[in-house]
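> One file is attached below, entry_0.txt, containing compact mmCIF, C-alpha atoms and all ligand atoms.
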# COMPACT_ATOMS: atom_id res chain seq x y z
CA MET A 1370 9.86 148.81 18.21
CA SER A 1371 11.52 147.13 15.30
CA ARG A 1372 15.01 148.04 14.18
CA VAL A 1373 16.33 146.83 10.85
CA TYR A 1374 19.96 146.06 10.03
CA ASN A 1375 21.04 149.37 8.54
CA PHE A 1376 24.06 149.22 6.23
CA SER A 1377 24.05 152.95 5.44
CA ALA A 1378 27.44 154.53 4.72
CA GLY A 1379 26.54 157.62 6.74
CA PRO A 1380 24.72 158.90 8.66
CA ALA A 1381 25.03 155.34 9.82
CA VAL A 1382 23.78 152.90 12.40
CA LEU A 1383 24.34 153.82 16.06
CA PRO A 1384 24.55 151.27 18.88
CA THR A 1385 21.03 150.46 20.09
CA PRO A 1386 22.01 150.79 23.78
CA VAL A 1387 23.32 154.28 23.04
CA LEU A 1388 20.06 155.33 21.40
CA ALA A 1389 18.10 153.81 24.27
CA GLN A 1390 20.16 155.71 26.82
CA ALA A 1391 19.71 158.95 24.89
CA ARG A 1392 15.96 158.31 24.77
CA ASP A 1393 15.84 157.64 28.52
CA GLU A 1394 17.80 160.81 29.29
CA LEU A 1395 16.22 163.04 26.68
CA LEU A 1396 13.69 164.90 28.83
CA GLU A 1397 16.01 165.51 31.72
CA TRP A 1398 19.74 165.14 31.75
CA ASP A 1399 21.14 163.90 35.05
CA GLY A 1400 19.39 166.28 37.44
CA ALA A 1401 19.74 169.33 35.19
CA GLY A 1402 15.94 169.73 35.10
CA ALA A 1403 16.19 170.17 31.33
CA SER A 1404 17.15 168.20 28.25
CA VAL A 1405 20.75 168.00 27.11
CA LEU A 1406 19.33 169.65 23.97
CA GLU A 1407 18.29 172.70 25.98
CA ILE A 1408 21.25 173.54 28.20
CA SER A 1409 24.10 175.98 27.69
CA HIS A 1410 27.25 174.61 26.13
CA ARG A 1411 29.17 176.65 28.72
CA GLY A 1412 27.23 175.46 31.76
CA ARG A 1413 28.55 173.05 34.37
CA GLU A 1414 26.42 170.15 33.09
CA PHE A 1415 27.50 170.31 29.48
CA MET A 1416 31.13 170.99 30.37
CA GLY A 1417 31.03 167.70 32.29
CA ILE A 1418 29.65 165.89 29.24
CA ALA A 1419 32.27 167.47 26.96
CA GLU A 1420 35.15 166.63 29.27
CA SER A 1421 34.21 163.00 29.76
CA ALA A 1422 33.72 162.56 26.01
CA GLU A 1423 37.23 163.84 25.37
CA ARG A 1424 38.68 161.76 28.20
CA ASP A 1425 37.07 158.57 26.86
CA LEU A 1426 38.21 159.27 23.30
CA ARG A 1427 41.76 159.86 24.56
CA ASP A 1428 41.57 156.58 26.49
CA LEU A 1429 40.25 154.62 23.53
CA LEU A 1430 42.88 155.85 21.07
CA ASP A 1431 45.60 156.31 23.67
CA ILE A 1432 46.12 159.84 22.35
CA PRO A 1433 49.47 161.24 23.53
CA PRO A 1434 49.35 164.41 25.70
CA ALA A 1435 51.03 166.46 22.95
CA TYR A 1436 47.87 166.31 20.84
CA LYS A 1437 44.74 168.45 21.05
CA VAL A 1438 41.33 166.96 20.41
CA LEU A 1439 38.87 169.36 18.78
CA PHE A 1440 35.10 168.89 18.46
CA LEU A 1441 34.19 170.99 15.43
CA GLN A 1442 31.50 171.38 12.77
CA GLY A 1443 31.54 171.48 8.98
CA GLY A 1444 32.26 167.80 8.40
CA ALA A 1445 35.33 166.23 6.90
CA THR A 1446 34.70 168.45 3.89
CA LEU A 1447 35.56 171.60 5.82
CA GLN A 1448 38.81 169.93 6.93
CA PHE A 1449 39.76 169.64 3.25
CA ALA A 1450 40.15 173.45 3.51
CA MET A 1451 41.07 173.87 7.17
CA VAL A 1452 44.07 171.57 6.96
CA PRO A 1453 45.86 173.64 4.28
CA LEU A 1454 44.79 176.89 5.94
CA ASN A 1455 46.39 175.72 9.20
CA LEU A 1456 49.39 173.71 8.04
CA LEU A 1457 50.68 175.46 4.95
CA GLY A 1458 52.49 178.20 6.88
CA ASP A 1459 54.93 179.93 4.53
CA LYS A 1460 55.08 176.92 2.19
CA HIS A 1461 53.16 176.68 -1.07
CA THR A 1462 52.93 172.98 -1.84
CA ILE A 1463 51.33 169.92 -0.29
CA ASP A 1464 51.59 166.21 -1.13
CA VAL A 1465 48.33 164.31 -1.55
CA VAL A 1466 47.76 160.63 -2.31
CA ASN A 1467 44.88 159.85 -4.66
CA THR A 1468 43.07 156.61 -3.86
CA GLY A 1469 39.60 157.51 -5.09
CA HIS A 1470 36.49 159.59 -4.52
CA TRP A 1471 37.31 161.26 -1.18
CA SER A 1472 40.97 161.82 -2.07
CA LYS A 1473 39.82 163.65 -5.19
CA LYS A 1474 37.48 165.84 -3.16
CA ALA A 1475 40.31 166.66 -0.76
CA ILE A 1476 42.60 167.49 -3.69
CA ALA A 1477 40.06 169.76 -5.39
CA GLU A 1478 39.42 171.77 -2.23
CA ALA A 1479 43.10 172.00 -1.24
CA ARG A 1480 43.87 173.41 -4.72
CA ARG A 1481 42.01 176.56 -3.66
CA PHE A 1482 44.79 177.21 -1.13
CA ALA A 1483 47.91 175.33 -2.20
CA GLU A 1484 49.85 173.77 -5.04
CA VAL A 1485 48.88 170.12 -4.87
CA ASN A 1486 51.46 167.51 -5.76
CA VAL A 1487 49.58 164.25 -6.32
CA CYS A 1488 52.49 162.21 -4.99
CA ALA A 1489 50.92 158.80 -5.63
CA SER A 1490 47.77 157.46 -7.21
CA SER A 1491 46.01 154.14 -7.71
CA GLU A 1492 43.99 155.45 -10.63
CA ASP A 1493 45.79 153.05 -13.00
CA THR A 1494 44.11 150.12 -11.19
CA ASN A 1495 40.78 151.95 -11.14
CA PHE A 1496 41.36 152.55 -7.40
CA THR A 1497 41.31 148.87 -6.43
CA THR A 1498 44.73 149.02 -4.73
CA VAL A 1499 46.77 151.40 -2.59
CA PRO A 1500 50.01 152.75 -4.07
CA ALA A 1501 53.16 151.20 -2.55
CA LEU A 1502 55.15 153.68 -0.47
CA SER A 1503 58.22 153.07 -2.67
CA GLU A 1504 56.30 154.72 -5.55
CA TRP A 1505 55.38 157.90 -3.71
CA ARG A 1506 57.07 160.97 -5.17
CA LEU A 1507 57.09 163.40 -2.29
CA ASP A 1508 57.94 167.04 -2.89
CA ALA A 1509 60.79 168.09 -0.60
CA GLU A 1510 59.15 171.51 -0.18
CA ALA A 1511 55.66 170.22 0.63
CA ALA A 1512 54.20 171.26 3.99
CA TYR A 1513 52.59 167.88 4.72
CA VAL A 1514 51.32 164.63 3.20
CA HIS A 1515 47.58 163.96 3.06
CA TYR A 1516 45.95 160.59 2.45
CA THR A 1517 42.63 158.81 2.91
CA PRO A 1518 43.21 155.63 4.94
CA ASN A 1519 39.76 154.29 4.06
CA GLU A 1520 37.94 155.19 0.86
CA THR A 1521 34.31 154.90 1.89
CA ILE A 1522 32.96 154.54 -1.65
CA GLY A 1523 35.63 152.37 -3.28
CA GLY A 1524 36.04 150.19 -0.20
CA VAL A 1525 39.84 150.46 -0.28
CA GLU A 1526 41.76 150.67 2.98
CA PHE A 1527 45.47 151.08 3.70
CA PRO A 1528 46.67 148.09 5.75
CA TRP A 1529 49.74 150.14 6.79
CA ILE A 1530 50.56 153.68 7.91
CA PRO A 1531 52.90 155.53 5.54
CA GLU A 1532 56.25 156.67 6.94
CA THR A 1533 56.80 160.28 5.90
CA GLY A 1534 59.78 161.20 8.04
CA ALA A 1535 59.71 164.72 9.44
CA LYS A 1536 56.85 165.75 7.18
CA PRO A 1537 53.51 165.76 9.02
CA LEU A 1538 51.11 163.02 7.93
CA VAL A 1539 47.47 164.07 7.66
CA ALA A 1540 44.68 161.49 7.47
CA ASP A 1541 40.99 161.73 6.61
CA MET A 1542 39.80 158.91 8.85
CA SER A 1543 36.08 159.64 8.51
CA SER A 1544 35.06 156.05 7.87
CA THR A 1545 37.70 154.14 9.82
CA LEU A 1546 38.49 156.04 13.03
CA LEU A 1547 37.77 153.80 16.07
CA SER A 1548 37.51 150.62 13.97
CA ARG A 1549 40.74 149.34 15.59
CA PRO A 1550 43.64 150.59 17.73
CA LEU A 1551 45.70 153.34 16.12
CA ASP A 1552 49.20 154.71 16.72
CA VAL A 1553 48.22 158.38 16.85
CA SER A 1554 51.85 159.44 17.29
CA ARG A 1555 52.47 158.63 13.61
CA PHE A 1556 50.20 161.49 12.54
CA GLY A 1557 50.24 165.27 12.47
CA VAL A 1558 46.49 165.62 11.99
CA ILE A 1559 43.69 163.05 12.03
CA TYR A 1560 40.17 164.15 11.22
CA ALA A 1561 36.80 162.46 10.85
CA GLY A 1562 33.21 163.45 10.24
CA ALA A 1563 31.33 161.78 13.09
CA GLN A 1564 28.41 160.32 11.15
CA LYS A 1565 30.21 157.17 10.00
CA ASN A 1566 31.76 155.49 13.02
CA VAL A 1567 31.59 158.03 15.86
CA GLY A 1568 28.10 159.48 16.34
CA PRO A 1569 25.45 161.61 14.66
CA ALA A 1570 26.10 164.09 11.86
CA GLY A 1571 27.06 167.65 12.79
CA LEU A 1572 30.30 166.87 14.63
CA THR A 1573 33.84 166.59 13.28
CA ILE A 1574 36.68 165.16 15.34
CA VAL A 1575 40.12 166.72 14.76
CA ILE A 1576 43.21 165.37 16.52
CA VAL A 1577 46.17 167.68 15.96
CA ARG A 1578 49.75 167.65 17.21
CA ASP A 1579 50.63 170.72 19.29
CA ASP A 1580 53.57 171.87 17.18
CA LEU A 1581 51.24 172.26 14.18
CA LEU A 1582 49.11 174.85 15.95
CA GLY A 1583 49.63 178.58 15.57
CA HIS A 1584 50.51 178.76 11.87
CA THR A 1585 47.03 179.54 10.51
CA ALA A 1586 46.70 181.77 7.45
CA PRO A 1587 46.09 185.26 8.87
CA ASN A 1588 42.96 185.90 6.81
CA ALA A 1589 41.30 182.56 7.67
CA PRO A 1590 38.02 182.85 9.59
CA SER A 1591 38.73 182.57 13.33
CA LEU A 1592 36.52 179.49 13.60
CA PHE A 1593 38.90 177.76 11.17
CA ASP A 1594 41.93 178.39 13.38
CA TYR A 1595 43.00 175.18 15.18
CA GLN A 1596 44.95 177.18 17.76
CA LYS A 1597 41.98 179.39 18.63
CA GLN A 1598 39.66 176.39 18.77
CA ALA A 1599 42.10 174.58 21.05
CA ASP A 1600 42.49 177.64 23.30
CA ASN A 1601 38.71 177.84 23.63
CA GLY A 1602 37.96 174.17 24.22
CA SER A 1603 36.22 173.98 20.80
CA MET A 1604 33.67 176.47 22.12
CA MET A 1605 34.45 179.70 20.30
CA ASN A 1606 30.79 179.64 19.35
CA THR A 1607 27.87 177.38 20.20
CA ALA A 1608 29.15 173.83 19.98
CA PRO A 1609 27.17 170.97 18.37
CA THR A 1610 26.09 169.90 21.85
CA PHE A 1611 23.76 167.02 21.06
CA SER A 1612 26.16 165.34 18.63
CA TRP A 1613 29.00 165.81 21.11
CA TYR A 1614 26.89 164.24 23.87
CA MET A 1615 25.94 161.31 21.60
CA ALA A 1616 29.56 160.76 20.58
CA GLY A 1617 30.39 160.64 24.29
CA LEU A 1618 27.82 157.88 24.77
CA VAL A 1619 29.36 155.98 21.85
CA PHE A 1620 32.85 156.31 23.37
CA ALA A 1621 31.58 154.97 26.70
CA TRP A 1622 29.85 152.10 24.87
CA LEU A 1623 33.10 151.26 23.03
CA LYS A 1624 34.98 151.12 26.32
CA GLN A 1625 32.30 148.82 27.69
CA GLN A 1626 32.72 146.51 24.69
CA GLY A 1627 36.37 146.11 25.66
CA GLY A 1628 37.88 148.99 23.70
CA LEU A 1629 39.35 149.12 20.23
CA ALA A 1630 41.30 145.84 20.39
CA THR A 1631 38.01 144.04 20.85
CA MET A 1632 36.34 146.11 18.14
CA ALA A 1633 39.19 145.24 15.77
CA GLU A 1634 38.63 141.50 16.32
CA VAL A 1635 34.91 141.78 15.76
CA ASN A 1636 35.27 144.11 12.78
CA GLN A 1637 37.80 141.89 11.08
CA ARG A 1638 35.63 138.84 11.62
CA LYS A 1639 32.58 140.67 10.23
CA ALA A 1640 34.50 141.80 7.15
CA ASN A 1641 36.04 138.35 6.59
CA LYS A 1642 32.62 136.71 6.65
CA LEU A 1643 31.23 139.09 4.07
CA TYR A 1644 34.26 138.92 1.73
CA ALA A 1645 34.27 135.12 2.03
CA CYS A 1646 30.62 135.04 0.95
CA ILE A 1647 31.47 137.21 -2.06
CA ASP A 1648 34.63 135.30 -3.02
CA GLU A 1649 33.01 131.89 -2.62
CA SER A 1650 30.08 132.80 -4.85
CA GLY A 1651 31.90 131.73 -8.01
CA GLY A 1652 31.48 135.15 -9.60
CA PHE A 1653 27.80 135.64 -8.73
CA TYR A 1654 28.97 138.43 -6.38
CA ARG A 1655 32.14 140.37 -7.00
CA ASN A 1656 34.33 142.81 -5.09
CA PRO A 1657 37.07 144.29 -7.28
CA VAL A 1658 39.47 145.38 -4.52
CA GLU A 1659 42.84 143.72 -4.09
CA PRO A 1660 42.35 141.46 -1.02
CA SER A 1661 45.20 142.98 1.03
CA CYS A 1662 43.58 146.42 0.98
CA ARG A 1663 39.92 145.60 1.32
CA SER A 1664 38.09 147.85 3.73
CA TRP A 1665 36.87 146.47 7.05
CA MET A 1666 34.15 149.10 7.13
CA ASN A 1667 32.72 149.55 3.62
CA VAL A 1668 32.20 146.52 1.38
CA PRO A 1669 31.08 147.32 -2.16
CA PHE A 1670 30.00 144.43 -4.34
CA THR A 1671 28.28 143.88 -7.66
CA LEU A 1672 26.09 141.14 -9.06
CA ALA A 1673 27.35 139.45 -12.23
CA ASP A 1674 23.89 140.18 -13.64
CA ALA A 1675 23.22 143.84 -12.80
CA SER A 1676 19.60 143.49 -13.93
CA LEU A 1677 19.05 141.61 -10.64
CA ASP A 1678 20.18 144.62 -8.55
CA SER A 1679 16.75 146.00 -7.85
CA GLU A 1680 15.35 142.57 -7.04
CA PHE A 1681 18.26 142.03 -4.63
CA LEU A 1682 17.65 145.36 -2.91
CA GLN A 1683 13.88 144.85 -2.67
CA GLN A 1684 14.15 141.38 -1.22
CA ALA A 1685 16.91 142.47 1.16
CA GLY A 1686 14.61 145.27 2.36
CA ARG A 1687 11.84 142.77 3.04
CA ALA A 1688 14.35 140.80 5.12
CA ASP A 1689 15.06 143.99 7.16
CA LEU A 1690 18.48 144.50 5.52
CA VAL A 1691 18.42 148.11 4.36
CA ALA A 1692 20.54 150.87 2.77
CA LEU A 1693 22.54 148.41 0.66
CA LYS A 1694 22.35 150.38 -2.58
CA GLY A 1695 25.82 151.23 -3.88
CA HIS A 1696 27.03 154.81 -4.29
CA ARG A 1697 25.67 156.34 -7.49
CA SER A 1698 29.20 156.65 -8.90
CA VAL A 1699 29.87 152.89 -8.78
CA GLY A 1700 26.42 151.23 -8.76
CA GLY A 1701 25.85 147.75 -7.40
CA MET A 1702 25.70 147.31 -3.66
CA ARG A 1703 27.63 148.50 -0.64
CA ALA A 1704 27.41 147.19 2.91
CA SER A 1705 28.87 149.53 5.51
CA ILE A 1706 29.62 147.52 8.61
CA TYR A 1707 30.82 150.04 11.16
CA ASN A 1708 31.34 149.33 14.87
CA ALA A 1709 27.62 149.63 15.61
CA MET A 1710 26.66 146.94 13.07
CA PRO A 1711 26.34 143.79 15.15
CA GLU A 1712 27.96 140.61 13.90
CA ALA A 1713 24.43 139.16 13.76
CA GLY A 1714 23.62 141.78 11.11
CA VAL A 1715 26.50 140.58 8.93
CA ASP A 1716 25.43 136.97 9.51
CA ALA A 1717 21.91 137.87 8.41
CA LEU A 1718 23.23 139.59 5.29
CA VAL A 1719 25.48 136.65 4.40
CA GLY A 1720 22.56 134.24 4.92
CA PHE A 1721 20.38 136.37 2.65
CA MET A 1722 23.08 136.61 -0.04
CA ARG A 1723 23.58 132.83 -0.09
CA GLU A 1724 19.84 132.26 -0.35
CA PHE A 1725 19.51 134.88 -3.09
CA GLN A 1726 22.28 133.19 -5.06
CA ARG A 1727 20.64 129.77 -4.59
CA ARG A 1728 17.43 131.12 -6.13
CA TYR A 1729 18.90 133.24 -8.94
CA GLY A 1730 22.38 131.83 -9.52
C1 LIG B 1801 31.83 160.88 4.35
C2 LIG B 1801 33.23 161.22 4.08
C3 LIG B 1801 33.64 162.55 3.84
C4 LIG B 1801 32.67 163.70 3.83
O1 LIG B 1801 32.24 163.94 5.11
P1 LIG B 1801 31.29 165.18 5.48
O2 LIG B 1801 31.24 165.05 6.97
O3 LIG B 1801 29.99 164.94 4.80
O4 LIG B 1801 31.94 166.41 5.03
C5 LIG B 1801 34.97 162.79 3.62
N1 LIG B 1801 35.88 161.80 3.63
C6 LIG B 1801 35.53 160.51 3.84
C7 LIG B 1801 36.58 159.45 3.82
C8 LIG B 1801 34.19 160.19 4.07
O5 LIG B 1801 33.84 158.91 4.29
What would you get if you wrote out this structure as C-alpha cells?


Amino acid sequence: MSRVYNFSAGPAVLPTPVLAQARDELLEWDGAGASVLEISHRGREFMGIAESAERDLRDLLDIPPAYKVLFLQGGATLQFAMVPLNLLGDKHTIDVVNTGHWSKKAIAEARRFAEVNVCASSEDTNFTTVPALSEWRLDAEAAYVHYTPNETIGGVEFPWIPETGAKPLVADMSSTLLSRPLDVSRFGVIYAGAQKNVGPAGLTIVIVRDDLLGHTAPNAPSLFDYQKQADNGSMMNTAPTFSWYMAGLVFAWLKQQGGLATMAEVNQRKANKLYACIDESGGFYRNPVEPSCRSWMNVPFTLADASLDSEFLQQAGRADLVALKGHRSVGGMRASIYNAMPEAGVDALVGFMREFQRRYG
C-alpha cells in the first residue's frame, strides 16, 4: 500500500486510520453478519451507528440542546435552496454577503426563492479580503443573513463571526466545519457538504436552531422540510448510510486526537508553515489574500512564472504530492490542508516548494 499526500479540495483526504477501520469492518459490521453497506437504515445496528455519530458531533462542537443535527443529502448546493425555503416564512428578502465563488452560487440559487440583498461584498478587492461588519448594509425586513465563512476556491476565511442581532445568521461551513472550536449558539443554521472536512461525499450536515423549524414553504418537497427531517431522525427516506457511518468514524477519530482545540492548533501551524513558505519566497510564490483572512484549510498560490505551473505539478506528483492544481477559475495551485492532512504532508510540500524554487528561481 502506498498513500500519497492528497491536497484535493473535495472529495478530500480522509484519516488513514479511519479508512483502515472501515476496511477491517467492511465485510461484517460488529456482529451484524453483514456489511454496514448492506443493512437497513432503520435496523438496530445502523440506528446505533447514527446515534453515536450525532452524539460525537454534538460533543466535538458542543452543540447546544436547542439545535437539531440533520444528516441529509444533496450537498451544500441543495442547502442554497433549502435555507430560503425553510427560513423565509412570510418575508420576501434575505441578506447575503458576497466573498467569492461559493457566495455567488448561494446568491444565484436563493434568487429563485427570495429577493436577495447583497449586503456586503469584497468584489472590489477581487475577493482577497472580507468586508468589515461596519460596511454591511442589512435590510431590516430580511429573514436572515447568509455568509460563507471559508471560500474554498479563493482561500478567504472570516477570522470573526458577524454579529447580526436578532436576525438569524446562516453559514455555509462546507470547507471549515470541524477545523477548530465553534460557538454554535451564534448561528441560526450551519451547513456543510461532508466531502471536505467531515467524511465522504453524499452526506450534508445541517445544524439548525429549533425556533427556525416549522416555517417551510408549503409547496416545498417534504424531503426539503427541516422540521419533517428532524421529526424523522433524518430518515424520511433511505439515508446515506455509508457516508453517515464514515463521518461517525471521523468524529471518533477527531475526539481521539484531542478534539477541536487540538485540531485548531495543528491546523493553524500547518497553514502558517505553508503561508510562510509562500511569503518568504521573494515573489516566486504568491498568495493574494490579505493575511488576516487567509484560510487555514485552502491555500491557493501562483508561481510568478505561470509557464512553470505544469512542471511544478508534474514534479510534485512524482514526489507523491497530488491534486495541487488550482481551481479552473483562478489557475495556479491550491493546497487543501483539511484535518486529515497530516502535518508531515505540509512539511513535505514546503520542502518540495523550497527545492523547486532553488532549481527554478
Ligand atoms: C464544495 C462547496 C460547496 C458545494 O458543495 P456540494 O456538496 O458539492 O454541493 C458549497 N460551498 C462551499 C463553501 C464549498 O466548499

> Which residue is closest to ligand LIG 1801 (chain B)? Choose from A:Tyr1729, A:Phe1440, A:Tyr1560, A:Tyr1595 and count only C-alpha atoms and all ligand atoms.

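For ligand LIG 1801 (chain B), the nearest of the candidates is A:Tyr1560.
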
> Specify the axis-aligned box that encloses all atoms of range 1663-1674 of chain A listed in the file after padding of 4 Å on each side, stating its centre and edge lengths in Å to one decimal as JSON.


{"center_x": 31.9, "center_y": 144.5, "center_z": -3.3, "size_x": 24.0, "size_y": 18.1, "size_z": 28.8}

> Please identify all protein, DNA and RNA residues within 9 Å of ligand LIG 1801 (chain B), counting all atoms listed in the file, and report them as a ChimeraX atom specification.

/A:1378-1380,1442-1449,1470-1472,1474-1475,1517-1522,1541-1545,1561-1565,1570-1573

> Would you write out those residues with C-alpha atoms, as a compact mmCIF listing (two decimals), in the coordinates of the input?


# COMPACT_ATOMS: atom_id res chain seq x y z
CA ALA A 1378 27.44 154.53 4.72
CA GLY A 1379 26.54 157.62 6.74
CA PRO A 1380 24.72 158.90 8.66
CA GLN A 1442 31.50 171.38 12.77
CA GLY A 1443 31.54 171.48 8.98
CA GLY A 1444 32.26 167.80 8.40
CA ALA A 1445 35.33 166.23 6.90
CA THR A 1446 34.70 168.45 3.89
CA LEU A 1447 35.56 171.60 5.82
CA GLN A 1448 38.81 169.93 6.93
CA PHE A 1449 39.76 169.64 3.25
CA HIS A 1470 36.49 159.59 -4.52
CA TRP A 1471 37.31 161.26 -1.18
CA SER A 1472 40.97 161.82 -2.07
CA LYS A 1474 37.48 165.84 -3.16
CA ALA A 1475 40.31 166.66 -0.76
CA THR A 1517 42.63 158.81 2.91
CA PRO A 1518 43.21 155.63 4.94
CA ASN A 1519 39.76 154.29 4.06
CA GLU A 1520 37.94 155.19 0.86
CA THR A 1521 34.31 154.90 1.89
CA ILE A 1522 32.96 154.54 -1.65
CA ASP A 1541 40.99 161.73 6.61
CA MET A 1542 39.80 158.91 8.85
CA SER A 1543 36.08 159.64 8.51
CA SER A 1544 35.06 156.05 7.87
CA THR A 1545 37.70 154.14 9.82
CA ALA A 1561 36.80 162.46 10.85
CA GLY A 1562 33.21 163.45 10.24
CA ALA A 1563 31.33 161.78 13.09
CA GLN A 1564 28.41 160.32 11.15
CA LYS A 1565 30.21 157.17 10.00
CA ALA A 1570 26.10 164.09 11.86
CA GLY A 1571 27.06 167.65 12.79
CA LEU A 1572 30.30 166.87 14.63
CA THR A 1573 33.84 166.59 13.28

> Tell me, in Å to one decimal, how far CA of Ala1704 in chain A is from CA of Leu1629 in chain A.

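One can read the CA of Ala1704 in chain A to CA of Leu1629 in chain A distance as 21.1 Å.
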
> From the options A:Lys1639, A:Met1451, A:Asp1425, A:Glu1420, which residue's atoms come nearest to Arg1481 in chain A, counting only C-alpha atoms?

A:Met1451

> Do you know which residues lie at most 10 Å from (41.0, 158.4, 17.2), with coordinates as in the file and all atoms listed in the file counted, and could you write them as a ChimeraX atom specification?

/A:1426-1432,1438,1542,1545-1553,1559-1561,1567,1574-1576,1629

> Looking at all atoms listed in the file, which of A:Ala1675, A:Leu1693, A:Met1666, A:Val1577 is the one that sits closest to Pro1433 in chain A?

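Closest to Pro1433 in chain A, using all atoms listed in the file: A:Val1577.
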
> Which residue gives the smallest distance to Tyr1516 in chain A among A:Val1466, A:Ser1421, A:Gly1557, A:Pro1528, with all atoms listed in the file counted?

A:Val1466

> Record the distance separating CA of Gly1695 in chain A and CA of Phe1670 in chain A, expressed in Å with one decimal.

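About the pair CA of Gly1695 in chain A and CA of Phe1670 in chain A: they are 8.0 Å apart.
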
> Any idea what's packed within 9 Å of range 1599-1607 of chain A, counting only C-alpha atoms, ignoring anything in its chain fewer than 3 positions away? Could you give it as a PyMOL selection string?

chain A and resi 1409-1411+1437-1441+1582+1591-1592+1594-1596+1610

> Rank nothing, just name the residue among A:Gly1568, A:Tyr1644, A:Thr1631, A:Pro1531 nearest to Val1658 in chain A, using all atoms listed in the file.

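Nearest candidate to Val1658 in chain A out of A:Gly1568, A:Tyr1644, A:Thr1631, A:Pro1531: A:Tyr1644.
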
> Could you pull the residues within 10 Å of Thr1498 in chain A, counting all atoms listed in the file, minus those fewer than 6 positions along the same chain, as a ChimeraX atom specification?

/A:1468-1469,1490-1492,1523-1527,1657-1663

> Can you tell me, as a tab-separated table (two decimals) with C-alpha atoms, in the coordinates of the input, what residues are no more than 9 Å from Phe1482 in chain A when counting only C-alpha atoms, ignoring any on the same chain fewer than 5 positions away?


chain	number	residue	atom	x	y	z
A	1450	ALA	CA	40.15	173.45	3.51
A	1453	PRO	CA	45.86	173.64	4.28
A	1454	LEU	CA	44.79	176.89	5.94
A	1457	LEU	CA	50.68	175.46	4.95
A	1461	HIS	CA	53.16	176.68	-1.07
